[in-house]
$ cat query_1.tsv   # TSV, C-alpha atoms and all ligand atoms
chain	number	residue	atom	x	y	z
I	1	MET	CA	-27.57	-17.32	2.88
I	2	ARG	CA	-27.66	-17.59	6.65
I	3	THR	CA	-24.90	-15.87	8.62
I	4	GLY	CA	-24.14	-16.43	12.30
I	5	LEU	CA	-21.81	-14.49	14.58
I	6	TYR	CA	-19.93	-16.33	17.33
I	7	PRO	CA	-18.29	-13.68	19.52
I	8	GLY	CA	-15.73	-14.09	22.29
I	9	THR	CA	-12.33	-13.07	23.57
I	10	PHE	CA	-10.67	-16.35	22.61
I	11	ASP	CA	-7.71	-15.71	24.93
I	12	PRO	CA	-6.77	-18.36	23.86
I	13	VAL	CA	-9.09	-20.54	21.75
I	14	THR	CA	-9.89	-23.81	23.58
I	15	ASN	CA	-11.33	-27.21	22.68
I	16	GLY	CA	-14.66	-25.89	24.06
I	17	HIS	CA	-14.70	-23.08	21.49
I	18	VAL	CA	-13.67	-25.47	18.71
I	19	ASP	CA	-16.53	-27.82	19.63
I	20	ILE	CA	-19.07	-24.97	19.58
I	21	VAL	CA	-17.78	-23.80	16.18
I	22	SER	CA	-18.11	-27.28	14.69
I	23	ARG	CA	-21.73	-27.44	15.90
I	24	ALA	CA	-22.57	-23.88	14.80
I	25	CYS	CA	-21.28	-24.71	11.30
I	26	THR	CA	-24.24	-27.03	10.81
I	27	LEU	CA	-26.73	-24.18	11.45
I	28	VAL	CA	-25.40	-21.50	9.09
I	29	ASP	CA	-23.84	-21.06	5.65
I	30	ARG	CA	-21.39	-18.48	6.89
I	31	LEU	CA	-19.99	-18.27	10.41
I	32	VAL	CA	-18.20	-15.13	11.52
I	33	ILE	CA	-16.00	-15.62	14.56
I	34	GLY	CA	-15.93	-12.23	16.26
I	35	VAL	CA	-12.70	-11.81	18.19
I	36	ALA	CA	-13.26	-9.04	20.74
I	37	ILE	CA	-10.42	-6.55	21.05
I	38	ASN	CA	-11.21	-6.30	24.79
I	39	ARG	CA	-8.28	-4.19	25.93
I	40	ASP	CA	-9.93	-3.75	29.34
I	41	LYS	CA	-9.88	-7.48	30.02
I	42	GLY	CA	-6.06	-7.36	29.69
I	43	PRO	CA	-5.76	-10.39	27.43
I	44	LEU	CA	-2.64	-12.56	27.64
I	45	PHE	CA	-2.43	-12.83	23.85
I	46	ASP	CA	-2.68	-9.71	21.72
I	47	LEU	CA	-5.41	-9.40	19.13
I	48	GLU	CA	-3.27	-10.57	16.19
I	49	GLU	CA	-2.15	-13.67	18.09
I	50	ARG	CA	-5.73	-14.56	19.11
I	51	VAL	CA	-7.01	-14.05	15.57
I	52	GLU	CA	-4.21	-16.19	14.13
I	53	MET	CA	-4.83	-19.04	16.62
I	54	VAL	CA	-8.59	-18.97	15.98
I	55	ARG	CA	-8.02	-18.90	12.22
I	56	ARG	CA	-5.63	-21.84	12.30
I	57	GLU	CA	-7.92	-23.99	14.45
I	58	VAL	CA	-11.38	-23.25	13.08
I	59	VAL	CA	-11.20	-22.38	9.37
I	60	PRO	CA	-10.57	-26.06	8.39
I	61	LEU	CA	-13.70	-27.10	10.33
I	62	GLY	CA	-15.83	-25.01	7.99
I	63	GLU	CA	-14.16	-26.47	4.91
I	64	ASP	CA	-15.10	-29.97	6.10
I	65	ARG	CA	-18.71	-28.97	6.76
I	66	GLY	CA	-19.47	-26.74	3.77
I	67	CYS	CA	-19.61	-23.57	5.88
I	68	GLU	CA	-17.58	-20.46	5.18
I	69	ILE	CA	-15.74	-19.30	8.29
I	70	ILE	CA	-14.50	-15.76	8.63
I	71	VAL	CA	-12.46	-14.48	11.56
I	72	HIS	CA	-13.38	-10.87	12.29
I	73	PRO	CA	-11.83	-8.71	15.03
I	74	PHE	CA	-14.29	-6.22	16.54
I	75	GLY	CA	-14.24	-3.47	19.11
I	76	ASN	CA	-17.72	-2.04	18.77
I	77	LEU	CA	-21.06	-3.02	20.25
I	78	LEU	CA	-21.87	-6.70	19.65
I	79	ILE	CA	-25.20	-5.93	18.04
I	80	ASP	CA	-23.53	-3.42	15.67
I	81	CYS	CA	-20.90	-6.01	14.80
I	82	ALA	CA	-23.73	-8.47	14.02
I	83	ARG	CA	-25.33	-5.89	11.72
I	84	ASP	CA	-21.95	-5.08	10.07
I	85	VAL	CA	-21.48	-8.73	9.06
I	86	ASN	CA	-25.18	-9.27	8.15
I	87	ALA	CA	-25.65	-11.90	10.87
I	88	THR	CA	-29.18	-12.95	11.72
I	89	MET	CA	-28.09	-14.91	14.75
I	90	ILE	CA	-25.58	-14.60	17.54
I	91	ILE	CA	-24.20	-17.91	18.77
I	92	ARG	CA	-23.12	-18.31	22.38
I	93	GLY	CA	-21.83	-21.32	24.25
I	94	LEU	CA	-23.37	-22.17	27.61
I	95	ARG	CA	-21.38	-23.88	30.30
I	96	ALA	CA	-22.46	-23.82	33.94
I	97	VAL	CA	-25.39	-22.02	35.51
I	98	ALA	CA	-22.94	-19.18	36.15
I	99	ASP	CA	-22.98	-18.29	32.43
I	100	PHE	CA	-26.77	-18.16	32.42
I	101	GLU	CA	-27.39	-14.96	34.35
I	102	TYR	CA	-25.04	-12.84	32.27
I	103	GLU	CA	-26.32	-14.32	29.02
I	104	TYR	CA	-29.92	-13.78	30.09
I	105	GLN	CA	-29.27	-10.08	30.59
I	106	MET	CA	-27.36	-9.77	27.33
I	107	VAL	CA	-30.20	-11.32	25.33
I	108	GLY	CA	-32.73	-9.07	27.02
I	109	MET	CA	-30.77	-5.92	26.28
I	110	ASN	CA	-29.67	-6.92	22.79
I	111	ARG	CA	-33.30	-7.64	21.92
I	112	VAL	CA	-34.20	-4.07	22.79
I	113	LEU	CA	-31.33	-2.84	20.62
I	114	ASP	CA	-32.30	-5.06	17.68
I	115	ASP	CA	-35.18	-7.53	17.76
I	116	ASN	CA	-34.29	-9.06	14.39
I	117	ILE	CA	-31.17	-10.81	15.65
I	118	GLU	CA	-31.75	-14.01	17.62
I	119	THR	CA	-29.30	-15.45	20.13
I	120	VAL	CA	-28.80	-19.20	19.93
I	121	PHE	CA	-27.19	-21.13	22.80
I	122	MET	CA	-25.21	-24.29	22.31
I	123	MET	CA	-23.56	-26.72	24.70
I	124	ALA	CA	-20.23	-28.38	24.04
I	125	GLU	CA	-19.57	-32.11	24.29
I	126	ALA	CA	-19.52	-33.17	27.98
I	127	GLU	CA	-15.74	-33.51	28.18
I	128	TYR	CA	-15.27	-29.91	26.98
I	129	GLN	CA	-18.01	-28.24	28.99
I	130	ALA	CA	-15.92	-27.22	31.96
I	131	ILE	CA	-13.14	-25.60	29.92
I	132	ALA	CA	-12.65	-21.85	30.34
I	133	SER	CA	-9.80	-19.81	28.83
I	134	LYS	CA	-9.22	-18.13	32.18
I	135	LEU	CA	-8.57	-21.46	33.94
I	136	VAL	CA	-6.46	-22.77	31.08
I	137	LYS	CA	-4.19	-19.74	31.51
I	138	GLU	CA	-3.96	-20.28	35.26
I	139	ILE	CA	-3.10	-23.95	34.87
I	140	ALA	CA	-0.49	-23.18	32.20
I	141	ARG	CA	1.01	-20.39	34.29
I	142	LEU	CA	1.51	-22.84	37.15
I	143	GLY	CA	3.12	-25.40	34.85
I	144	GLY	CA	0.12	-27.76	34.61
I	145	ASP	CA	-0.76	-29.92	31.62
I	146	VAL	CA	-3.34	-28.20	29.39
I	147	SER	CA	-3.11	-30.65	26.47
I	148	LYS	CA	-6.66	-31.94	27.08
I	149	PHE	CA	-8.11	-28.44	27.02
I	150	VAL	CA	-6.56	-26.71	24.02
I	151	PRO	CA	-5.30	-27.65	20.55
I	152	ALA	CA	-1.60	-28.60	20.36
I	153	SER	CA	-0.60	-25.34	18.65
I	154	VAL	CA	-2.25	-23.31	21.42
I	155	GLU	CA	-0.47	-25.35	24.08
I	156	LYS	CA	2.80	-24.49	22.35
I	157	ALA	CA	1.88	-20.81	22.13
I	158	LEU	CA	1.01	-20.77	25.85
I	159	LYS	CA	4.38	-22.29	26.73
I	160	ALA	CA	6.20	-19.74	24.58
I	161	LYS	CA	4.19	-16.83	25.96
I	162	LEU	CA	4.73	-17.85	29.54
I	163	ALA	CA	8.33	-18.89	28.78
I	164	LEU	CA	7.98	-22.26	30.50
I	201	LIG	P1	-14.19	-17.43	28.17
I	201	LIG	O1	-15.55	-17.12	28.71
I	201	LIG	O2	-13.70	-18.83	28.46
I	201	LIG	O3	-13.15	-16.37	28.41
I	201	LIG	P2	-14.85	-16.42	25.58
I	201	LIG	O4	-15.22	-15.09	26.08
I	201	LIG	O5	-13.81	-16.46	24.51
I	201	LIG	O6	-14.33	-17.46	26.64
I	201	LIG	O7	-16.15	-17.22	25.13
I	201	LIG	C1	-16.79	-17.05	23.91
I	201	LIG	C2	-18.04	-17.86	23.90
I	201	LIG	O8	-17.71	-19.25	23.97
I	201	LIG	C3	-18.99	-17.62	25.09
I	201	LIG	O9	-20.31	-17.75	24.63
I	201	LIG	C4	-18.66	-18.73	26.04
I	201	LIG	O10	-19.75	-19.05	26.87
I	201	LIG	C5	-18.38	-19.86	25.05
I	201	LIG	N1	-17.54	-20.91	25.62
I	201	LIG	C6	-16.28	-20.80	26.10
I	201	LIG	N2	-15.84	-21.98	26.55
I	201	LIG	C7	-16.85	-22.87	26.37
I	201	LIG	C8	-17.04	-24.26	26.67
I	201	LIG	N3	-16.10	-24.97	27.26
I	201	LIG	N4	-18.23	-24.84	26.36
I	201	LIG	C9	-19.19	-24.10	25.79
I	201	LIG	N5	-19.09	-22.79	25.49
I	201	LIG	C10	-17.95	-22.18	25.78

$ encode --input "query_1.tsv" --output "structure tokens"
Amino acid sequence: MRTGLYPGTFDPVTNGHVDIVSRACTLVDRLVIGVAINRDKGPLFDLEERVEMVRREVVPLGEDRGCEIIVHPFGNLLIDCARDVNATMIIRGLRAVADFEYEYQMVGMNRVLDDNIETVFMMAEAEYQAIASKLVKEIARLGGDVSKFVPASVEKALKAKLAL
């Protein structure tokens, strides 16, 4: 039984996240999506809303691929969260070079904290690679069309949240 942990803020979940989840499903038997509480980041959507959106969009992907998907909010250290859920790997998505430096440091430090948990990097399909939640929120806030970047239910939630 191989368990992976895919952590993030998911504020909100995008087509990039969904693509990474569908790929990660083929590597593990159980995929835990760790939704970071991240109060400091001042998320647009509160934890319950982010969890609900992630659950709605990704749980069916696991059913189609024979992988159990669990959505798990967490507020502790990532490596402790990985231990709590018995994950042997942490899955991260890589976009531009800009992601690399931060991820490089995280792997280095997490390895010191626990050398039994490997970090695996995945890249989304080309058309989803540039998507970032932060930019999606900016576009939506300014009334732009985000339908190519997020699932339809998330687009609706963004409109409602921003009262457009
Ligand atoms: P963001 O960085 O957009 O705020 P998260 O913190 O929720 O998103 O990201 C969670 C994980 O998903 C990170 O490993 C991040 O690099 C990855 N990710 C986010 N968007 C994409 C994408 N478009 N393609 C590949 N990986 C992505």

$ residues_around --input "query_1.tsv" --residues "Pro43 (chain I)" --least-positions-apart "5" --cutoff "10 Å" --atoms "only C-alpha atoms" --output "list in words"
Thr9, Phe10, Asp11, Pro12, Ile37, Asn38, Arg50 and Lys134 of chain I

$ axis_aligned_box --input "query_1.tsv" --around "ligand LIG 201 (chain I)" --padding-each-side "8 Å" --output "JSON"
{"center_x": -16.7, "center_y": -20.0, "center_z": 26.3, "size_x": 23.2, "size_y": 25.9, "size_z": 20.8}

$ residues_around --input "query_1.tsv" --residues "Ala152 (chain I)" --least-positions-apart "6" --cutoff "10 Å" --atoms "all atoms listed in the file" --output "list of chain:residue names"
I:Glu57, I:Val146, I:Leu158

$ residues_near_ligand --input "query_1.tsv" --ligand "ligand LIG 201 (chain I)" --cutoff "6 Å" --atoms "only C-alpha atoms and all ligand atoms" --output "PyMOL selection string"
chain I and resi 7-10+16-17+92-95+123-124+128-134

$ atom_distance --input "query_1.tsv" --atom1 "CA of Gly108 (chain I)" --atom2 "CA of Asp80 (chain I)"
15.7 Å

$ residues_around --input "query_1.tsv" --residues "Asp115 (chain I)" --least-positions-apart "2" --cutoff "12 Å" --atoms "all atoms listed in the file" --output "number ranges by chain"
I: 79, 83, 88-90, 107-113, 117-119

$ residues_around --input "query_1.tsv" --residues "Ala36 (chain I)" --least-positions-apart "4" --cutoff "12 Å" --atoms "only C-alpha atoms" --output "list in words"
Leu5, Tyr6, Pro7, Gly8, Thr9, Phe10, Asp11, Pro12, Asp40, Lys41, Gly42, Pro43, Phe45, Asp46, Leu47, Glu48, Arg50, Val51, Val54, Val71, His72, Pro73, Phe74, Gly75, Asn76, Leu77, Leu78 and Cys81 of chain I

$ residues_around --input "query_1.tsv" --residues "Val58 (chain I)" --least-positions-apart "5" --cutoff "10 Å" --atoms "only C-alpha atoms" --output "MDAnalysis selection string"
chainID I and resid 13 17:19 21:22 33 53 63 69:71

$ atom_distance --input "query_1.tsv" --atom1 "CA of Ala98 (chain I)" --atom2 "CA of Phe149 (chain I)"
19.7 Å

$ closest_residue --input "query_1.tsv" --among "I:Lys156, I:Met1, I:Glu49, I:Leu44" --to "Val28 (chain I)" --atoms "all atoms listed in the file"
I:Met1

$ atom_distance --input "query_1.tsv" --atom1 "CA of Tyr104 (chain I)" --atom2 "CA of Asn116 (chain I)"
17.0 Å

$ closest_residue --input "query_1.tsv" --among "I:Cys25, I:Leu142, I:Leu162, I:Val136" --to "Pro60 (chain I)" --atoms "all atoms listed in the file"
I:Cys25

$ decode --input "query_1.tsv" --residues "region 42-99 of chain I" --atoms "C-alpha atoms" --output "JSON list (two decimals), in the first residue's frame"
[["chain", "number", "residue", "atom", "x", "y", "z"],
["I", 42, "GLY", "CA", -4.68, 35.27, 3.84],
["I", 43, "PRO", "CA", -6.52, 32.89, 1.54],
["I", 44, "LEU", "CA", -9.53, 34.15, -0.42],
["I", 45, "PHE", "CA", -11.49, 30.99, 0.34],
["I", 46, "ASP", "CA", -11.68, 29.68, 3.88],
["I", 47, "LEU", "CA", -10.44, 26.21, 4.70],
["I", 48, "GLU", "CA", -13.86, 24.52, 4.48],
["I", 49, "GLU", "CA", -14.52, 26.06, 1.06],
["I", 50, "ARG", "CA", -11.11, 25.00, -0.28],
["I", 51, "VAL", "CA", -11.52, 21.47, 1.06],
["I", 52, "GLU", "CA", -14.99, 21.18, -0.45],
["I", 53, "MET", "CA", -13.83, 22.42, -3.88],
["I", 54, "VAL", "CA", -10.83, 20.06, -3.88],
["I", 55, "ARG", "CA", -13.04, 17.16, -2.79],
["I", 56, "ARG", "CA", -15.61, 17.80, -5.49],
["I", 57, "GLU", "CA", -13.03, 18.08, -8.26],
["I", 58, "VAL", "CA", -10.50, 15.37, -7.41],
["I", 59, "VAL", "CA", -12.20, 12.49, -5.58],
["I", 60, "PRO", "CA", -13.87, 11.22, -8.82],
["I", 61, "LEU", "CA", -10.43, 11.13, -10.53],
["I", 62, "GLY", "CA", -9.28, 8.52, -8.03],
["I", 63, "GLU", "CA", -12.40, 6.43, -8.52],
["I", 64, "ASP", "CA", -11.67, 6.28, -12.27],
["I", 65, "ARG", "CA", -8.05, 5.28, -11.69],
["I", 66, "GLY", "CA", -8.34, 2.81, -8.80],
["I", 67, "CYS", "CA", -6.69, 5.18, -6.32],
["I", 68, "GLU", "CA", -8.22, 6.19, -3.02],
["I", 69, "ILE", "CA", -8.19, 9.97, -2.61],
["I", 70, "ILE", "CA", -8.48, 11.58, 0.79],
["I", 71, "VAL", "CA", -8.68, 15.32, 1.38],
["I", 72, "HIS", "CA", -6.90, 16.22, 4.60],
["I", 73, "PRO", "CA", -6.60, 19.74, 6.05],
["I", 74, "PHE", "CA", -3.32, 20.32, 7.90],
["I", 75, "GLY", "CA", -1.69, 23.08, 9.87],
["I", 76, "ASN", "CA", 1.45, 21.39, 11.13],
["I", 77, "LEU", "CA", 4.85, 20.82, 9.59],
["I", 78, "LEU", "CA", 4.61, 19.17, 6.16],
["I", 79, "ILE", "CA", 6.92, 16.33, 7.12],
["I", 80, "ASP", "CA", 4.83, 15.64, 10.26],
["I", 81, "CYS", "CA", 1.68, 15.66, 8.15],
["I", 82, "ALA", "CA", 3.34, 13.12, 5.82],
["I", 83, "ARG", "CA", 4.15, 10.91, 8.81],
["I", 84, "ASP", "CA", 0.60, 11.32, 10.23],
["I", 85, "VAL", "CA", -0.93, 9.96, 7.02],
["I", 86, "ASN", "CA", 1.78, 7.27, 6.51],
["I", 87, "ALA", "CA", 2.95, 8.82, 3.23],
["I", 88, "THR", "CA", 6.23, 7.60, 1.79],
["I", 89, "MET", "CA", 6.31, 10.32, -0.83],
["I", 90, "ILE", "CA", 5.46, 13.98, -1.12],
["I", 91, "ILE", "CA", 4.22, 15.02, -4.55],
["I", 92, "ARG", "CA", 4.86, 18.54, -5.82],
["I", 93, "GLY", "CA", 4.05, 20.15, -9.13],
["I", 94, "LEU", "CA", 6.77, 22.08, -10.93],
["I", 95, "ARG", "CA", 5.97, 24.99, -13.16],
["I", 96, "ALA", "CA", 8.57, 27.57, -14.12],
["I", 97, "VAL", "CA", 12.17, 27.84, -12.98],
["I", 98, "ALA", "CA", 10.85, 30.15, -10.27],
["I", 99, "ASP", "CA", 9.34, 27.14, -8.44]]
